[in-house]
$ cat entry_7.tsv   # TSV, C-alpha atoms
chain	number	residue	atom	x	y	z
I	1	MET	CA	221.29	-18.27	116.41
I	2	GLU	CA	222.70	-19.32	119.79
I	3	ARG	CA	222.97	-23.01	120.60
I	4	ALA	CA	221.48	-24.28	123.85
I	5	THR	CA	223.68	-26.02	126.38
I	6	PRO	CA	222.43	-28.18	129.19
I	7	LEU	CA	221.85	-26.29	132.42
I	8	LEU	CA	223.92	-28.77	134.41
I	9	ALA	CA	227.23	-27.48	133.07
I	10	ALA	CA	226.31	-23.93	133.98
I	11	ARG	CA	225.87	-25.04	137.60
I	12	ILE	CA	229.36	-26.50	137.94
I	13	PRO	CA	231.53	-23.82	139.52
I	14	ALA	CA	235.03	-23.45	138.07
I	15	GLN	CA	236.47	-23.89	141.58
I	16	ARG	CA	234.88	-27.33	141.79
I	17	ILE	CA	236.60	-28.31	138.55
I	18	GLU	CA	239.91	-26.70	139.55
I	19	SER	CA	239.96	-28.59	142.82
I	20	ARG	CA	239.88	-31.84	140.85
I	21	ILE	CA	242.86	-31.10	138.64
I	22	TYR	CA	245.97	-32.79	140.00
I	23	LEU	CA	249.63	-32.73	139.06
I	24	ILE	CA	250.68	-36.35	138.49
I	25	ARG	CA	253.81	-37.40	136.59
I	26	GLY	CA	254.42	-33.76	135.79
I	27	GLN	CA	251.06	-33.38	134.01
I	28	LYS	CA	247.82	-31.68	134.95
I	29	VAL	CA	245.22	-34.43	134.99
I	30	MET	CA	241.72	-35.25	136.15
I	31	LEU	CA	240.81	-38.65	137.53
I	32	SER	CA	238.14	-40.92	136.13
I	33	ASN	CA	236.18	-40.99	139.41
I	34	ASP	CA	235.98	-37.20	139.55
I	35	LEU	CA	235.10	-36.93	135.87
I	36	ALA	CA	232.35	-39.52	136.22
I	37	GLU	CA	230.85	-37.49	139.06
I	38	LEU	CA	231.04	-34.25	137.07
I	39	TYR	CA	229.50	-35.92	134.00
I	40	GLY	CA	226.77	-37.46	136.13
I	41	VAL	CA	227.55	-41.04	135.10
I	42	PRO	CA	228.74	-44.02	137.13
I	43	ALA	CA	232.53	-44.48	137.07
I	44	LYS	CA	231.96	-47.99	135.71
I	45	ARG	CA	230.14	-46.58	132.65
I	46	LEU	CA	232.90	-44.05	132.01
I	47	ASN	CA	235.57	-46.77	132.25
I	48	GLN	CA	233.60	-49.04	129.90
I	49	ALA	CA	233.28	-46.26	127.32
I	50	VAL	CA	237.01	-45.66	127.52
I	51	ALA	CA	237.77	-49.39	127.16
I	52	ARG	CA	235.47	-49.66	124.10
I	53	ASN	CA	237.27	-46.69	122.51
I	54	ALA	CA	240.85	-47.42	123.60
I	55	ALA	CA	242.27	-46.18	120.26
I	56	ARG	CA	241.02	-42.66	121.10
I	57	PHE	CA	243.09	-42.55	124.30
I	58	PRO	CA	246.82	-42.85	123.62
I	59	HIS	CA	249.22	-42.69	126.57
I	60	ASP	CA	249.56	-38.90	126.32
I	61	PHE	CA	245.76	-38.54	126.69
I	62	MET	CA	245.26	-41.00	129.53
I	63	PHE	CA	247.13	-43.34	131.86
I	64	ARG	CA	246.22	-45.53	134.79
I	65	LEU	CA	247.62	-44.62	138.19
I	66	THR	CA	250.01	-47.06	139.81
I	67	MET	CA	249.18	-48.50	143.21
I	68	LYS	CA	251.88	-46.30	144.72
I	69	GLU	CA	250.47	-43.13	143.08
I	70	ALA	CA	246.97	-44.01	144.22
I	71	GLY	CA	248.24	-44.79	147.72
I	72	ASN	CA	250.34	-41.62	147.97
I	73	SER	CA	247.50	-39.43	146.85
I	74	ARG	CA	244.67	-41.34	148.49
I	75	SER	CA	243.95	-38.61	151.02
I	76	GLN	CA	243.74	-36.00	148.27
I	77	ILE	CA	242.23	-37.96	145.46
I	78	VAL	CA	240.58	-41.25	146.30
I	79	THR	CA	238.33	-41.03	149.32
I	80	LEU	CA	237.30	-44.45	150.54
I	81	LYS	CA	235.34	-45.50	153.56
I	82	ARG	CA	237.35	-46.98	156.39
I	83	GLY	CA	238.45	-50.55	155.70
I	84	MET	CA	237.77	-50.38	151.95
I	85	ASN	CA	240.48	-51.00	149.38
I	86	LEU	CA	240.82	-49.85	145.82
I	87	LYS	CA	239.20	-52.34	143.48
I	88	TYR	CA	240.33	-50.61	140.28
I	89	LEU	CA	243.06	-48.05	139.92
I	90	PRO	CA	241.67	-44.80	138.51
I	91	TYR	CA	242.55	-43.42	135.10
I	92	ALA	CA	244.22	-40.02	134.88
I	93	PHE	CA	243.10	-37.96	131.87
I	94	THR	CA	245.12	-35.08	130.44
I	95	GLU	CA	243.36	-32.08	128.93
I	96	GLN	CA	243.22	-33.84	125.55
I	97	GLY	CA	241.84	-36.98	127.17
I	98	VAL	CA	239.07	-34.99	128.84
I	99	ALA	CA	238.17	-33.47	125.47
I	100	MET	CA	238.01	-36.96	123.95
I	101	LEU	CA	235.69	-38.17	126.71
I	102	SER	CA	232.87	-35.90	125.53
I	103	ALA	CA	232.93	-37.66	122.15
I	104	VAL	CA	232.94	-41.09	123.76
I	105	LEU	CA	230.13	-40.50	126.25
I	106	HIS	CA	227.67	-39.19	123.60
I	107	SER	CA	225.54	-37.03	125.87
I	108	PRO	CA	224.78	-33.32	125.77
I	109	THR	CA	225.74	-33.13	129.45
I	110	ALA	CA	229.16	-34.68	128.73
I	111	VAL	CA	229.74	-32.15	125.96
I	112	ALA	CA	228.70	-29.20	128.14
I	113	VAL	CA	230.78	-30.37	131.12
I	114	SER	CA	233.79	-30.96	128.87
I	115	ILE	CA	233.48	-27.41	127.54
I	116	GLU	CA	233.53	-26.06	131.10
I	117	ILE	CA	236.53	-28.23	131.96
I	118	MET	CA	238.38	-27.01	128.84
I	119	ARG	CA	237.70	-23.41	129.87
I	120	VAL	CA	239.21	-24.09	133.29
I	121	PHE	CA	242.29	-25.73	131.74
I	122	VAL	CA	242.74	-22.74	129.40
I	123	ARG	CA	242.36	-20.28	132.28
I	124	LEU	CA	244.92	-22.19	134.35
I	125	ARG	CA	247.33	-22.26	131.39
I	126	ARG	CA	246.97	-18.49	130.92
I	127	LEU	CA	247.49	-17.91	134.62
I	128	LEU	CA	250.61	-20.04	134.59
I	129	ALA	CA	251.91	-18.22	131.51
I	130	SER	CA	251.36	-14.84	133.15
I	131	HIS	CA	253.21	-16.03	136.26
I	132	GLU	CA	256.06	-17.26	134.08
I	133	GLY	CA	256.22	-13.91	132.30
I	134	LEU	CA	256.21	-12.08	135.62
I	135	ARG	CA	258.96	-14.37	136.91
I	136	ARG	CA	261.10	-13.59	133.84
I	137	LYS	CA	260.54	-9.84	134.19
I	138	LEU	CA	261.47	-9.99	137.86
I	139	ALA	CA	264.68	-11.90	137.06
I	140	ASP	CA	265.56	-9.30	134.38
I	141	LEU	CA	264.93	-6.47	136.81
I	142	GLU	CA	267.03	-8.17	139.48
I	143	ARG	CA	269.88	-8.66	137.00
I	144	LYS	CA	269.70	-5.00	135.92
I	145	LEU	CA	269.72	-3.86	139.54
I	146	LEU	CA	272.76	-5.99	140.25
I	147	ASP	CA	274.49	-4.49	137.19
I	148	HIS	CA	273.61	-1.00	138.35
I	149	ASP	CA	274.39	-1.76	141.98
I	150	GLY	CA	277.89	-0.31	141.73
I	151	LYS	CA	276.56	2.85	140.11
I	152	PHE	CA	273.89	3.22	142.79
I	153	ALA	CA	276.50	2.71	145.52
I	154	VAL	CA	278.44	5.75	144.23
I	155	VAL	CA	275.27	7.87	144.19
I	156	PHE	CA	274.26	6.77	147.69
I	157	ASP	CA	277.76	7.44	149.03
I	158	ALA	CA	277.62	11.00	147.65
I	159	ILE	CA	274.18	11.53	149.19
I	160	ARG	CA	275.39	10.19	152.55
I	161	ARG	CA	278.39	12.56	152.48
I	162	LEU	CA	276.11	15.50	151.80
I	163	VAL	CA	273.75	14.49	154.61
I	164	ASP	CA	276.57	13.74	157.07
I	165	GLU	CA	278.46	17.05	156.50
I	166	PRO	CA	278.02	19.48	159.36
I	167	ASP	CA	276.12	22.63	158.60
I	168	PRO	CA	278.50	25.50	157.74
I	169	PRO	CA	278.72	28.33	160.27
I	170	PRO	CA	276.28	31.15	159.65
I	171	LYS	CA	277.61	33.80	157.30
I	172	PRO	CA	277.50	37.44	158.29
I	173	PRO	CA	274.57	39.30	156.81
I	174	ILE	CA	275.20	40.96	153.48
I	175	GLY	CA	274.36	44.60	152.85
I	176	TYR	CA	274.57	47.96	154.60
I	177	HIS	CA	273.75	48.09	158.23
I	178	THR	CA	272.94	51.15	160.21
I	179	GLU	CA	273.16	51.40	163.88
I	180	ALA	CA	269.94	51.28	165.65
I	181	ARG	CA	269.11	54.53	167.39
I	182	GLY	CA	267.44	54.51	170.66

$ encode --input "entry_7.tsv" --output "structure tokens"
Amino acid sequence: MERATPLLAARIPAQRIESRIYLIRGQKVMLSNDLAELYGVPAKRLNQAVARNAARFPHDFMFRLTMKEAGNSRSQIVTLKRGMNLKYLPYAFTEQGVAMLSAVLHSPTAVAVSIEIMRVFVRLRRLLASHEGLRRKLADLERKLLDHDGKFAVVFDAIRRLVDEPDPPPKPPIGYHTEARG
């Protein structure tokens, strides 16, 4: 029997989730403000749930942005109206932190949205792994070509000599010839 999932998660395009994954401190993270919007809860409620369950969010699951990080990435991440300042620095959640949020928020929507987010993280990880594998194969091929470069140079030189040689003069026809009678 198939379990039902809330329709909301099905409506969240993967691109919308991907566009909210940032690289901060060398980690792929999602920010609390973006997650609150995806989960359909106020950011304040999400932050309260995290604070009540602080033991579930060790530093490798979640960290708070510094003022400098928030300021540097403000144009990308934190969109404020003109003249407004940040009241609270956002949390940055790693993939494991996002998974933990679904348990803390206790709603079917949170669970469904977290599942979609996990799928995006897995797809990105696979994509990165395939790029890394391709990068390694390309480096191996380049190394092999450099090793064989000397051998190829000899072959190309021989081909060039054959191409550059003038055509030999035409040889006389072979066989018996009779004079043409007129």

$ residues_around --input "entry_7.tsv" --residues "Gln96 in chain I" --least-positions-apart "2" --cutoff "10 Å" --atoms "all atoms listed in the file" --output "list of chain:residue names"
I:Val29, I:Phe57, I:Pro58, I:Asp60, I:Phe61, I:Met62, I:Phe93, I:Thr94, I:Val98, I:Ala99, I:Met100, I:Leu101, I:Met118

$ closest_residue --input "entry_7.tsv" --among "I:Ala103, I:Arg161, I:Leu38, I:Ser19" --to "Asn53 in chain I" --atoms "all atoms listed in the file"
I:Ala103

$ closest_residue --input "entry_7.tsv" --among "I:Val113, I:Val120, I:Leu89, I:Val104" --to "Glu69 in chain I" --atoms "only C-alpha atoms"
I:Leu89

$ closest_residue --input "entry_7.tsv" --among "I:Val155, I:Ile174, I:Ala110, I:Leu105" --to "Arg45 in chain I" --atoms "only C-alpha atoms"
I:Leu105

$ atom_distance --input "entry_7.tsv" --atom1 "CA of Thr66 in chain I" --atom2 "CA of Ser32 in chain I"
13.9 Å

$ atom_distance --input "entry_7.tsv" --atom1 "CA of Leu141 in chain I" --atom2 "CA of Ala129 in chain I"
18.3 Å

$ closest_residue --input "entry_7.tsv" --among "I:Val122, I:Ala139, I:Ala92, I:Leu127" --to "Leu23 in chain I" --atoms "only C-alpha atoms"
I:Ala92

$ atom_distance --input "entry_7.tsv" --atom1 "CA of Lys68 in chain I" --atom2 "CA of Leu35 in chain I"
21.2 Å

$ closest_residue --input "entry_7.tsv" --among "I:Arg135, I:Pro42, I:Tyr91, I:Ala14" --to "Ile115 in chain I" --atoms "all atoms listed in the file"
I:Ala14

$ residues_around --input "entry_7.tsv" --residues "Gln15 in chain I" --least-positions-apart "3" --cutoff "12 Å" --atoms "all atoms listed in the file" --output "count of residues only"
13

$ decode --input "entry_7.tsv" --residues "range 100-178 of chain I" --atoms "C-alpha atoms" --output "PDB file, in the first residue's frame"
ATOM      1  CA  MET I 100      16.455  16.858  11.438  1.00  0.00           C
ATOM      2  CA  LEU I 101      14.106  19.809  10.879  1.00  0.00           C
ATOM      3  CA  SER I 102      11.322  17.533   9.627  1.00  0.00           C
ATOM      4  CA  ALA I 103      11.362  15.708  12.977  1.00  0.00           C
ATOM      5  CA  VAL I 104      11.326  18.961  14.924  1.00  0.00           C
ATOM      6  CA  LEU I 105       8.515  20.675  13.013  1.00  0.00           C
ATOM      7  CA  HIS I 106       6.080  17.718  13.385  1.00  0.00           C
ATOM      8  CA  SER I 107       3.977  18.372  10.302  1.00  0.00           C
ATOM      9  CA  PRO I 108       3.260  16.210   7.274  1.00  0.00           C
ATOM     10  CA  THR I 109       4.221  19.159   5.070  1.00  0.00           C
ATOM     11  CA  ALA I 110       7.615  19.463   6.788  1.00  0.00           C
ATOM     12  CA  VAL I 111       8.244  15.763   6.249  1.00  0.00           C
ATOM     13  CA  ALA I 112       7.236  15.906   2.571  1.00  0.00           C
ATOM     14  CA  VAL I 113       9.288  19.056   1.895  1.00  0.00           C
ATOM     15  CA  SER I 114      12.301  17.545   3.671  1.00  0.00           C
ATOM     16  CA  ILE I 115      12.042  14.455   1.471  1.00  0.00           C
ATOM     17  CA  GLU I 116      12.097  16.650  -1.641  1.00  0.00           C
ATOM     18  CA  ILE I 117      15.065  18.608  -0.291  1.00  0.00           C
ATOM     19  CA  MET I 118      16.943  15.361   0.458  1.00  0.00           C
ATOM     20  CA  ARG I 119      16.305  14.196  -3.107  1.00  0.00           C
ATOM     21  CA  VAL I 120      17.799  17.427  -4.438  1.00  0.00           C
ATOM     22  CA  PHE I 121      20.860  17.090  -2.184  1.00  0.00           C
ATOM     23  CA  VAL I 122      21.357  13.478  -3.349  1.00  0.00           C
ATOM     24  CA  ARG I 123      20.996  14.489  -7.005  1.00  0.00           C
ATOM     25  CA  LEU I 124      23.533  17.294  -6.554  1.00  0.00           C
ATOM     26  CA  ARG I 125      25.949  14.914  -4.819  1.00  0.00           C
ATOM     27  CA  ARG I 126      25.637  12.403  -7.688  1.00  0.00           C
ATOM     28  CA  LEU I 127      26.155  15.156 -10.234  1.00  0.00           C
ATOM     29  CA  LEU I 128      29.250  16.354  -8.417  1.00  0.00           C
ATOM     30  CA  ALA I 129      30.581  12.793  -8.194  1.00  0.00           C
ATOM     31  CA  SER I 130      30.074  12.255 -11.917  1.00  0.00           C
ATOM     32  CA  HIS I 131      31.896  15.523 -12.646  1.00  0.00           C
ATOM     33  CA  GLU I 132      34.738  14.430 -10.389  1.00  0.00           C
ATOM     34  CA  GLY I 133      34.943  11.081 -12.168  1.00  0.00           C
ATOM     35  CA  LEU I 134      34.952  12.815 -15.535  1.00  0.00           C
ATOM     36  CA  ARG I 135      37.660  15.193 -14.336  1.00  0.00           C
ATOM     37  CA  ARG I 136      39.824  12.229 -13.239  1.00  0.00           C
ATOM     38  CA  LYS I 137      39.311  10.419 -16.553  1.00  0.00           C
ATOM     39  CA  LEU I 138      40.227  13.558 -18.471  1.00  0.00           C
ATOM     40  CA  ALA I 139      43.418  13.992 -16.415  1.00  0.00           C
ATOM     41  CA  ASP I 140      44.341  10.326 -17.058  1.00  0.00           C
ATOM     42  CA  LEU I 141      43.744  10.757 -20.773  1.00  0.00           C
ATOM     43  CA  GLU I 142      45.814  13.930 -20.836  1.00  0.00           C
ATOM     44  CA  ARG I 143      48.660  12.180 -19.012  1.00  0.00           C
ATOM     45  CA  LYS I 144      48.537   9.239 -21.451  1.00  0.00           C
ATOM     46  CA  LEU I 145      48.558  11.600 -24.418  1.00  0.00           C
ATOM     47  CA  LEU I 146      51.567  13.409 -23.017  1.00  0.00           C
ATOM     48  CA  ASP I 147      53.324  10.050 -22.538  1.00  0.00           C
ATOM     49  CA  HIS I 148      52.492   9.055 -26.089  1.00  0.00           C
ATOM     50  CA  ASP I 149      53.244  12.497 -27.472  1.00  0.00           C
ATOM     51  CA  GLY I 150      56.766  11.514 -28.507  1.00  0.00           C
ATOM     52  CA  LYS I 151      55.483   8.397 -30.235  1.00  0.00           C
ATOM     53  CA  PHE I 152      52.813  10.389 -32.062  1.00  0.00           C
ATOM     54  CA  ALA I 153      55.407  12.959 -33.139  1.00  0.00           C
ATOM     55  CA  VAL I 154      57.392  10.208 -34.922  1.00  0.00           C
ATOM     56  CA  VAL I 155      54.255   8.958 -36.694  1.00  0.00           C
ATOM     57  CA  PHE I 156      53.221  12.471 -37.741  1.00  0.00           C
ATOM     58  CA  ASP I 157      56.722  13.235 -39.016  1.00  0.00           C
ATOM     59  CA  ALA I 158      56.639  10.100 -41.189  1.00  0.00           C
ATOM     60  CA  ILE I 159      53.195  11.044 -42.527  1.00  0.00           C
ATOM     61  CA  ARG I 160      54.384  14.593 -43.285  1.00  0.00           C
ATOM     62  CA  ARG I 161      57.414  13.240 -45.178  1.00  0.00           C
ATOM     63  CA  LEU I 162      55.169  11.017 -47.259  1.00  0.00           C
ATOM     64  CA  VAL I 163      52.793  13.882 -48.013  1.00  0.00           C
ATOM     65  CA  ASP I 164      55.593  16.372 -48.743  1.00  0.00           C
ATOM     66  CA  GLU I 165      57.528  14.063 -51.148  1.00  0.00           C
ATOM     67  CA  PRO I 166      57.115  15.077 -54.775  1.00  0.00           C
ATOM     68  CA  ASP I 167      55.259  12.663 -56.974  1.00  0.00           C
ATOM     69  CA  PRO I 168      57.676  10.370 -58.847  1.00  0.00           C
ATOM     70  CA  PRO I 169      57.936  10.896 -62.607  1.00  0.00           C
ATOM     71  CA  PRO I 170      55.531   8.775 -64.618  1.00  0.00           C
ATOM     72  CA  LYS I 171      56.901   5.363 -65.495  1.00  0.00           C
ATOM     73  CA  PRO I 172      56.836   4.143 -69.060  1.00  0.00           C
ATOM     74  CA  PRO I 173      53.938   1.848 -69.805  1.00  0.00           C
ATOM     75  CA  ILE I 174      54.603  -1.832 -69.323  1.00  0.00           C
ATOM     76  CA  GLY I 175      53.814  -4.395 -71.994  1.00  0.00           C
ATOM     77  CA  TYR I 176      54.067  -4.823 -75.750  1.00  0.00           C
ATOM     78  CA  HIS I 177      53.230  -1.892 -77.894  1.00  0.00           C
ATOM     79  CA  THR I 178      52.456  -1.975 -81.548  1.00  0.00           C
TER      80      THR I 178
END
